[in-house]
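To be precise, the following lines are coords.txt, and they hold compact mmCIF, C-alpha atoms.
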# COMPACT_ATOMS: atom_id res chain seq x y z
CA MET J 30 -2.70 -25.92 24.00
CA ALA J 31 -2.77 -22.98 26.46
CA LEU J 32 -4.11 -19.44 26.29
CA THR J 33 -1.55 -16.66 26.47
CA LEU J 34 -1.30 -12.90 25.97
CA ILE J 35 0.53 -11.69 22.87
CA ARG J 36 1.61 -8.06 22.67
CA ARG J 37 0.02 -6.11 19.84
CA PRO J 38 2.55 -4.43 17.52
CA ALA J 39 0.53 -1.19 17.36
CA PRO J 40 -2.26 -0.69 19.93
CA ALA J 41 -5.27 1.19 18.56
CA ARG J 42 -5.04 4.80 19.77
CA SER J 43 -8.82 5.29 19.53
CA MET J 44 -9.36 2.50 22.03
CA LEU J 45 -7.24 4.37 24.55
CA TRP J 46 -10.15 6.81 24.96
CA LEU J 47 -13.01 4.46 24.12
CA SER J 48 -12.02 1.87 26.71
CA PRO J 49 -13.15 4.00 29.71
CA LEU J 50 -16.60 4.23 28.12
CA LEU J 51 -16.58 0.50 27.47
CA ALA J 52 -15.52 -0.10 31.08
CA ALA J 53 -18.43 2.04 32.30
CA VAL J 54 -20.90 0.09 30.16
CA LEU J 55 -19.52 -3.26 31.35
CA SER J 56 -19.71 -2.04 34.95
CA ALA J 57 -23.36 -1.11 34.47
CA LEU J 58 -24.11 -4.55 33.03
CA ALA J 59 -22.32 -6.21 35.95
CA MET J 60 -24.34 -4.09 38.37
CA LEU J 61 -27.56 -5.29 36.69
CA VAL J 62 -26.57 -8.86 37.51
CA LEU J 63 -25.48 -7.94 41.04
CA PHE J 64 -28.71 -6.10 41.87
CA ALA J 65 -30.76 -8.99 40.54
CA LEU J 66 -28.83 -11.40 42.76
CA LEU J 67 -29.52 -9.13 45.73
CA GLY J 68 -33.24 -9.31 45.02
CA ARG J 69 -33.56 -5.67 43.89
CA ASP J 70 -35.09 -4.31 40.69
CA PRO J 71 -31.99 -3.90 38.45
CA LEU J 72 -33.46 -1.19 36.23
CA GLN J 73 -34.67 0.87 39.17
CA ALA J 74 -31.27 0.47 40.82
CA LEU J 75 -29.47 1.71 37.71
CA TYR J 76 -31.86 4.66 37.51
CA LEU J 77 -31.10 5.57 41.12
CA LEU J 78 -27.38 5.13 40.51
CA PHE J 79 -26.96 7.09 37.28
CA ALA J 80 -30.05 9.21 36.55
CA SER J 81 -31.59 10.24 39.86
CA PRO J 82 -28.57 12.33 40.95
CA LEU J 83 -29.04 14.50 37.83
CA ALA J 84 -32.73 15.18 38.34
CA SER J 85 -32.58 18.60 40.05
CA THR J 86 -30.45 21.70 40.50
CA ASP J 87 -29.68 20.70 44.08
CA ASN J 88 -28.44 17.32 42.91
CA LEU J 89 -26.29 18.90 40.19
CA SER J 90 -24.73 21.21 42.75
CA GLU J 91 -23.96 18.21 44.95
CA LEU J 92 -22.41 16.51 41.93
CA ALA J 93 -20.04 19.44 41.40
CA LEU J 94 -19.34 19.58 45.14
CA LYS J 95 -18.28 15.93 45.31
CA ALA J 96 -16.30 16.19 42.08
CA THR J 97 -14.17 19.02 43.52
CA PRO J 98 -11.94 16.98 45.89
CA LEU J 99 -11.81 14.09 43.42
CA LEU J 100 -10.62 16.40 40.66
CA LEU J 101 -7.91 18.09 42.74
CA CYS J 102 -6.54 14.83 44.16
CA ALA J 103 -6.62 13.08 40.77
CA LEU J 104 -4.78 15.92 39.01
CA GLY J 105 -1.91 15.64 41.49
CA ILE J 106 -1.81 11.86 41.21
CA ALA J 107 -1.75 12.07 37.41
CA VAL J 108 1.24 14.41 37.37
CA GLY J 109 3.18 11.93 39.49
CA VAL J 110 2.21 8.88 37.46
CA ARG J 111 3.43 10.62 34.30
CA ALA J 112 6.89 10.48 35.93
CA GLN J 113 6.37 7.00 37.40
CA VAL J 114 5.99 8.53 40.87
CA TRP J 115 3.11 6.69 42.50
CA ASN J 116 1.33 8.71 45.17
CA ILE J 117 -1.17 6.31 46.76
CA GLY J 118 -1.52 8.47 49.88
CA ALA J 119 -3.63 11.38 48.65
CA GLU J 120 -6.16 10.46 51.34
CA GLY J 121 -3.59 11.13 54.04
CA GLN J 122 -2.46 14.39 52.43
CA PHE J 123 -6.13 15.38 52.11
CA THR J 124 -6.52 14.74 55.86
CA MET J 125 -3.39 16.67 56.85
CA GLY J 126 -4.45 19.60 54.69
CA ALA J 127 -7.81 19.63 56.44
CA ILE J 128 -6.08 19.51 59.83
CA ALA J 129 -3.63 22.31 59.02
CA GLY J 130 -6.23 24.62 57.50
CA GLY J 131 -8.81 23.68 60.13
CA GLY J 132 -6.34 24.50 62.88
CA VAL J 133 -5.98 28.00 61.45
CA ALA J 134 -9.78 28.36 61.37
CA LEU J 135 -10.12 27.24 64.99
CA ALA J 136 -7.33 29.52 66.19
CA LEU J 137 -8.13 32.70 64.26
CA GLY J 138 -11.77 32.43 63.20
CA GLY J 139 -14.44 34.83 64.41
CA GLY J 140 -12.69 38.13 63.75
CA ASP J 141 -14.10 38.80 60.27
CA HIS J 142 -10.58 38.89 58.84
CA VAL J 143 -10.54 39.00 55.05
CA TRP J 144 -7.17 37.25 55.03
CA LEU J 145 -8.39 34.26 57.05
CA LEU J 146 -9.67 32.11 54.18
CA PRO J 147 -6.56 32.65 52.01
CA LEU J 148 -4.41 31.78 55.03
CA MET J 149 -6.45 28.62 55.61
CA LEU J 150 -6.01 27.59 51.98
CA LEU J 151 -2.27 28.16 52.13
CA ALA J 152 -2.08 26.21 55.38
CA GLY J 153 -4.06 23.36 53.82
CA MET J 154 -1.73 23.21 50.82
CA ALA J 155 1.31 23.39 53.10
CA GLY J 156 -0.05 20.60 55.31
CA GLY J 157 -0.64 18.29 52.36
CA ALA J 158 2.72 19.12 50.79
CA ALA J 159 4.58 18.60 54.08
CA TRP J 160 2.98 15.17 54.48
CA ALA J 161 4.00 14.27 50.92
CA ALA J 162 7.53 15.52 51.60
CA ILE J 163 8.13 12.59 53.95
CA PRO J 164 7.86 9.90 51.24
CA ALA J 165 9.77 12.21 48.87
CA LEU J 166 12.67 12.31 51.33
CA LEU J 167 12.50 8.57 51.94
CA LYS J 168 12.43 7.93 48.18
CA THR J 169 15.32 10.18 47.22
CA ARG J 170 17.50 9.52 50.28
CA PHE J 171 16.87 5.86 51.10
CA ASN J 172 15.17 4.58 47.91
CA ALA J 173 12.05 3.59 49.88
CA HIS J 174 9.20 2.91 47.47
CA GLU J 175 6.63 5.69 47.52
CA ILE J 176 3.69 3.30 47.07
CA LEU J 177 4.31 1.86 50.53
CA THR J 178 5.32 5.05 52.32
CA THR J 179 2.48 7.22 51.00
CA LEU J 180 -0.08 4.51 51.76
CA MET J 181 1.20 3.85 55.29
CA LEU J 182 1.32 7.56 56.11
CA THR J 183 -2.36 7.79 55.21
CA TYR J 184 -3.29 5.76 58.27
CA VAL J 185 -0.97 7.81 60.46
CA ALA J 186 -2.81 10.96 59.30
CA LEU J 187 -6.21 9.40 59.97
CA ASP J 188 -5.13 8.34 63.46
CA PHE J 189 -3.77 11.84 64.12
CA LEU J 190 -7.13 13.34 63.12
CA SER J 191 -8.91 10.88 65.41
CA TYR J 192 -6.62 11.88 68.30
CA LEU J 193 -7.33 15.58 67.76
CA VAL J 194 -11.11 15.32 67.60
CA HIS J 195 -11.22 12.94 70.58
CA GLY J 196 -8.73 14.96 72.58
CA PRO J 197 -7.34 18.50 72.48
CA TRP J 198 -9.58 19.85 69.69
CA ARG J 199 -12.84 18.23 70.76
CA ASP J 200 -15.75 20.64 71.15
CA PRO J 201 -16.54 20.91 74.87
CA GLN J 202 -20.14 21.69 73.94
CA GLY J 203 -20.40 18.83 71.47
CA PHE J 204 -21.88 16.19 73.81
CA SER J 205 -18.62 14.18 73.64
CA PHE J 206 -18.95 13.58 69.88
CA PRO J 207 -15.54 13.32 68.14
CA GLN J 208 -15.61 16.70 66.44
CA THR J 209 -14.31 20.22 66.80
CA LYS J 210 -16.54 23.23 67.24
CA GLN J 211 -18.13 24.65 64.12
CA PHE J 212 -15.96 27.07 62.17
CA GLU J 213 -16.90 30.73 62.40
CA SER J 214 -18.60 32.35 59.43
CA ASP J 215 -15.39 34.04 58.24
CA ALA J 216 -13.76 30.60 57.99
CA ILE J 217 -16.46 29.11 55.73
CA MET J 218 -16.12 29.02 51.94
CA PRO J 219 -18.46 31.45 50.11
CA ILE J 220 -21.46 29.79 48.46
CA LEU J 221 -21.77 29.97 44.68
CA VAL J 222 -25.47 29.09 44.30
CA ASP J 223 -27.93 30.21 46.94
CA GLY J 224 -29.78 27.38 48.61
CA THR J 225 -27.06 24.82 47.83
CA ARG J 226 -23.76 23.79 49.41
CA LEU J 227 -21.72 24.47 46.27
CA HIS J 228 -18.86 26.85 47.13
CA VAL J 229 -16.10 28.69 45.30
CA GLY J 230 -13.71 25.79 45.79
CA ALA J 231 -15.38 24.19 42.78
CA LEU J 232 -14.16 27.10 40.64
CA ALA J 233 -10.64 26.72 42.02
CA ALA J 234 -10.67 23.01 41.14
CA LEU J 235 -11.93 23.83 37.65
CA ALA J 236 -9.16 26.42 37.21
CA ALA J 237 -6.59 23.78 38.17
CA VAL J 238 -7.44 21.77 35.04
CA PRO J 239 -5.96 24.18 32.44
CA LEU J 240 -3.07 25.00 34.79
CA VAL J 241 -2.04 21.35 35.03
CA TRP J 242 -2.57 20.94 31.29
CA VAL J 243 -0.20 23.85 30.62
CA LEU J 244 2.28 22.46 33.16
CA LEU J 245 2.41 19.05 31.50
CA GLY J 246 2.25 20.15 27.89
CA ARG J 247 3.83 23.60 27.65
CA THR J 248 6.62 23.85 30.24
CA LEU J 249 10.15 22.51 30.60
CA THR J 250 9.21 20.86 33.90
CA GLY J 251 6.33 19.06 32.20
CA PHE J 252 8.69 17.86 29.47
CA GLN J 253 11.10 16.57 32.10
CA ILE J 254 8.26 14.76 33.87
CA ARG J 255 7.27 13.00 30.65
CA VAL J 256 10.83 12.05 29.74
CA VAL J 257 11.63 10.74 33.22
CA GLY J 258 8.49 8.63 33.10
CA LEU J 259 8.93 7.28 29.58
CA ALA J 260 12.71 6.90 29.29
CA PRO J 261 14.63 7.21 32.58
CA PRO J 262 18.05 6.43 31.00
CA ALA J 263 17.52 9.14 28.37
CA ALA J 264 16.43 11.57 31.08
CA ARG J 265 19.59 10.93 33.08
CA TYR J 266 21.71 11.27 29.93
CA ALA J 267 20.06 14.64 29.27
CA GLY J 268 20.93 15.78 32.78
CA PHE J 269 17.40 15.69 34.20
CA SER J 270 17.36 15.11 37.96
CA ASP J 271 15.23 12.14 39.06
CA ALA J 272 15.26 13.41 42.65
CA ARG J 273 14.04 16.86 41.63
CA ILE J 274 11.13 15.37 39.68
CA VAL J 275 10.19 13.10 42.61
CA TRP J 276 10.13 16.07 44.97
CA PHE J 277 8.19 18.24 42.54
CA CYS J 278 5.55 15.60 41.78
CA LEU J 279 4.96 14.58 45.39
CA LEU J 280 4.89 18.14 46.72
CA LEU J 281 2.47 19.26 43.99
CA SER J 282 0.28 16.20 44.52
CA GLY J 283 0.28 16.73 48.28
CA ALA J 284 -0.52 20.42 47.95
CA LEU J 285 -3.51 19.75 45.68
CA ALA J 286 -4.80 17.01 48.00
CA GLY J 287 -4.34 19.31 51.00
CA LEU J 288 -6.24 22.05 49.19
CA ALA J 289 -9.06 19.57 48.57
CA GLY J 290 -9.05 18.75 52.28
CA ILE J 291 -9.46 22.31 53.47
CA PHE J 292 -12.12 22.93 50.83
CA GLU J 293 -14.05 19.99 52.27
CA VAL J 294 -13.92 20.96 55.95
CA ALA J 295 -14.38 24.70 55.30
CA GLY J 296 -17.21 23.96 52.86
CA PRO J 297 -19.85 21.27 53.30
CA VAL J 298 -18.55 19.91 56.64
CA GLY J 299 -17.85 23.18 58.46
CA GLN J 300 -15.72 21.52 61.16
CA LEU J 301 -13.24 18.73 61.72
CA THR J 302 -14.81 15.37 62.46
CA GLN J 303 -13.43 11.86 62.75
CA THR J 304 -14.55 11.13 59.18
CA ILE J 305 -14.14 14.01 56.75
CA SER J 306 -13.80 11.95 53.57
CA PRO J 307 -15.64 8.92 52.18
CA GLY J 308 -12.38 7.90 50.50
CA TYR J 309 -11.84 10.71 47.99
CA GLY J 310 -8.07 10.21 47.99
CA PHE J 311 -8.34 6.53 47.09
CA ALA J 312 -11.15 7.04 44.56
CA ALA J 313 -9.02 9.73 42.90
CA ILE J 314 -6.58 7.00 41.81
CA ILE J 315 -9.38 5.45 39.74
CA VAL J 316 -10.34 8.90 38.46
CA ALA J 317 -6.78 9.62 37.30
CA PHE J 318 -6.56 6.41 35.27
CA LEU J 319 -10.14 6.64 34.04
CA GLY J 320 -9.24 10.10 32.70
CA ARG J 321 -6.12 8.67 31.03
CA LEU J 322 -3.86 10.97 33.11
CA ASN J 323 -5.12 13.85 30.96
CA PRO J 324 -6.49 16.90 32.84
CA ILE J 325 -9.54 17.18 30.56
CA GLY J 326 -10.26 13.47 30.82
CA ILE J 327 -9.83 13.65 34.59
CA LEU J 328 -12.43 16.41 34.78
CA PHE J 329 -15.06 14.17 33.17
CA ALA J 330 -13.92 11.14 35.15
CA SER J 331 -14.30 13.07 38.41
CA LEU J 332 -17.88 13.93 37.48
CA LEU J 333 -18.58 10.26 36.78
CA MET J 334 -17.09 9.19 40.11
CA ALA J 335 -19.05 11.90 41.92
CA LEU J 336 -22.17 10.57 40.20
CA LEU J 337 -21.40 7.12 41.61
CA TYR J 338 -21.06 8.56 45.11
CA LEU J 339 -24.42 10.30 44.85
CA GLY J 340 -26.05 7.29 43.23
CA GLY J 341 -24.68 5.06 45.98
CA GLU J 342 -26.32 7.30 48.57
CA GLN J 343 -29.61 7.04 46.69
CA LEU J 344 -29.35 3.24 46.70
CA GLN J 345 -28.73 3.24 50.45
CA LEU J 346 -31.78 5.43 51.12
CA SER J 347 -34.24 3.97 48.63
CA MET J 348 -33.25 0.30 48.52
CA GLN J 349 -31.66 -0.11 51.96
CA LEU J 350 -28.41 -1.31 50.42
CA PRO J 351 -25.23 -1.05 52.52
CA VAL J 352 -22.75 1.80 52.20
CA ALA J 353 -20.27 -0.66 50.66
CA VAL J 354 -22.27 -0.60 47.43
CA THR J 355 -20.38 2.54 46.36
CA GLY J 356 -17.06 0.78 46.82
CA VAL J 357 -18.32 -2.22 44.86
CA VAL J 358 -19.30 -0.01 41.93
CA GLN J 359 -15.90 1.72 42.01
CA GLY J 360 -14.13 -1.63 42.17
CA LEU J 361 -16.05 -2.96 39.19
CA LEU J 362 -15.22 0.15 37.20
CA LEU J 363 -11.51 -0.22 37.97
CA PHE J 364 -11.60 -3.96 37.23
CA PHE J 365 -13.11 -3.50 33.78
CA LEU J 366 -10.89 -0.51 33.01
CA LEU J 367 -7.76 -2.53 33.78
CA GLY J 368 -9.14 -5.44 31.76
CA CYS J 369 -9.77 -3.20 28.77
CA ASP J 370 -6.28 -1.72 29.09
CA VAL J 371 -4.73 -5.18 28.99
CA LEU J 372 -6.64 -6.05 25.82
CA ILE J 373 -5.61 -2.77 24.21
CA ASN J 374 -1.95 -3.75 24.45
CA PHE J 375 -2.30 -7.53 24.19
CA ARG J 376 -4.45 -10.03 22.37
CA VAL J 377 -5.41 -13.48 23.54
CA GLY J 378 -3.61 -16.18 21.64
CA VAL J 379 -2.95 -19.90 21.87
CA ALA J 380 0.48 -21.15 22.86
CA PRO J 381 1.62 -24.70 22.15
CA SER J 382 1.75 -26.98 25.16
CA ARG J 383 5.08 -27.86 26.78
CA ALA J 384 4.99 -31.37 25.36
CA VAL J 385 4.61 -30.05 21.81
CA ARG J 386 7.44 -27.55 22.27
CA HIS J 387 9.80 -30.27 23.52
CA ALA J 388 8.87 -32.51 20.60
So that I can check it, write out the structure of this file as structure tokens.
Amino acid sequence: MALTLIRRPAPARSMLWLSPLLAAVLSALAMLVLFALLGRDPLQALYLLFASPLASTDNLSELALKATPLLLCALGIAVGVRAQVWNIGAEGQFTMGAIAGGGVALALGGGDHVWLLPLMLLAGMAGGAAWAAIPALLKTRFNAHEILTTLMLTYVALDFLSYLVHGPWRDPQGFSFPQTKQFESDAIMPILVDGTRLHVGALAALAAVPLVWVLLGRTLTGFQIRVVGLAPPAARYAGFSDARIVWFCLLLSGALAGLAGIFEVAGPVGQLTQTISPGYGFAAIIVAFLGRLNPIGILFASLLMALLYLGGEQLQLSMQLPVAVTGVVQGLLLFFLLGCDVLINFRVGVAPSRAVRHA
């Protein structure tokens, strides 16, 4: 006898939303075991990971700050996945958006121009969208799979950023550190809460949630995205253009990731450095699926992922754990989420052995 997976005739709809919570609980239990094996107090570690980042106004502002790029990137990824367009390169589009908008800040900052910040944001969105246009062209013209092209272009973008901050854009007064000069005050995002780093970009990210919800649920383009993703033959029969949907999804996803990039460098960072992201573009993939590709769910999932980032920093400072602990927690969350998703659609059964079948 052998174990096998048998498709359920009607998966429970309630479990579709309960499974992310179950995955979070299972991840926490797995972390208890992991911390114990590392010789750390498991309960204290969980407190630092999940509760300590919520203990003060400053921490809550940092939570919203870190959720901002995750939310924007994940919303774009979710739109694409609805149409079976897999943008794995939001990290690269995030980087190119930061470069494009940061270049505008370096070139034009310091003149107290009221139009500078809007121009930077537009440049950031254009930079991210232009980087996403490359895999869109390769997909629609040469049928190159977007998973590979978007992912590979991420590392090209990161190398390009490294070249700029080590070379032509490096601050001559920066003691040879790989960074540009600090942006001028007119190129910095306005602060929402005095004494914190939370800026108005958080409001823009929050406003994107209902806009994407309306796009997916109340527009013809959103209907086409859903049909192309669920039933490609029916979409083609109805005259919907696969190529148009690919271009739309990738350009929108790239623009949102690029916007997140310029928010990051014009907000908490204040300059271009060799490392402007701890992996927001990759973590946003988990956020999109944790939020069930629903804009409201993604909002809460981005807050949870931001909590893990802050909690990981607390573990590094208080327990001297390595920076990789954040990635481990994210990986466990994704592992259990995928496991729960499998069991939503399949149940474990017993299949007769080959010898019995032949008999």
Å distance separating atom CA of J:Leu61 from atom CA of J:Ile373, one decimal place: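 Computed distance, atom CA of J:Leu61 to atom CA of J:Ile373, equals 25.4 Å.
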Set the distance at 12 Å and use only C-alpha atoms: which residues neighbour stretch 64-68 of chain J once local chain neighbours fewer than 2 positions away are removed? I'd like the list as a VMD selection string. chain J and resid 57 to 62 70 to 75 77 to 78 344 348 to 351 354 357 to 358
Using all atoms listed in the file, find all polymer residues with an atom at most 9 Å away from the point (-19.3, 11.1, 40.0); report them as an mmCIF file with C-alpha atoms, keeping the file's coordinate frame.
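Result went into out-v6.cif, see below:
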data_model
loop_
_atom_site.group_PDB
_atom_site.id
_atom_site.type_symbol
_atom_site.label_atom_id
_atom_site.label_comp_id
_atom_site.auth_asym_id
_atom_site.auth_seq_id
_atom_site.Cartn_x
_atom_site.Cartn_y
_atom_site.Cartn_z
ATOM 1 C CA LEU J 92 -22.410 16.510 41.930
ATOM 2 C CA ALA J 93 -20.040 19.440 41.400
ATOM 3 C CA LYS J 95 -18.280 15.930 45.310
ATOM 4 C CA ALA J 96 -16.300 16.190 42.080
ATOM 5 C CA LEU J 99 -11.810 14.090 43.420
ATOM 6 C CA PHE J 329 -15.060 14.170 33.170
ATOM 7 C CA ALA J 330 -13.920 11.140 35.150
ATOM 8 C CA SER J 331 -14.300 13.070 38.410
ATOM 9 C CA LEU J 332 -17.880 13.930 37.480
ATOM 10 C CA LEU J 333 -18.580 10.260 36.780
ATOM 11 C CA MET J 334 -17.090 9.190 40.110
ATOM 12 C CA ALA J 335 -19.050 11.900 41.920
ATOM 13 C CA LEU J 336 -22.170 10.570 40.200
ATOM 14 C CA LEU J 337 -21.400 7.120 41.610
ATOM 15 C CA TYR J 338 -21.060 8.560 45.110
ATOM 16 C CA LEU J 339 -24.420 10.300 44.850
ATOM 17 C CA GLY J 340 -26.050 7.290 43.230
#
Could you work out how far atom CA of J:Leu328 lies from atom CA of J:Gly230, giving the answer in Å with one decimal? 14.5 Å
Using 10 Å as the limit and counting only C-alpha atoms, can you tabulate each residue of stretch 223-319 of chain J that touches stretch 195-205 of chain J, with its shortest atom-to-atom distance in Å and the two atoms involved, as CSV?
residue,atom,partner,partner_atom,distance
J:Leu301,CA,J:Trp198,CA,8.8
J:Thr302,CA,J:Arg199,CA,9.0
J:Gln303,CA,J:His195,CA,8.2
For J:Leu190, please output as a list in words all residues within 12 Å (counting only C-alpha atoms; exclusion window: fewer than 5 positions along the same chain).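 So the residues in contact are Gly121, Gln122, Phe123, Thr124, Met125, Gly126, Ala127, Ile128, Ala129, Gly131, Gly132, Thr183, Tyr184, Val185, His195, Gly196, Pro197, Trp198, Arg199, Pro207, Gln208, Thr209, Leu301, Thr302, Gln303, Thr304, Ile305 and Ser306 of chain J.
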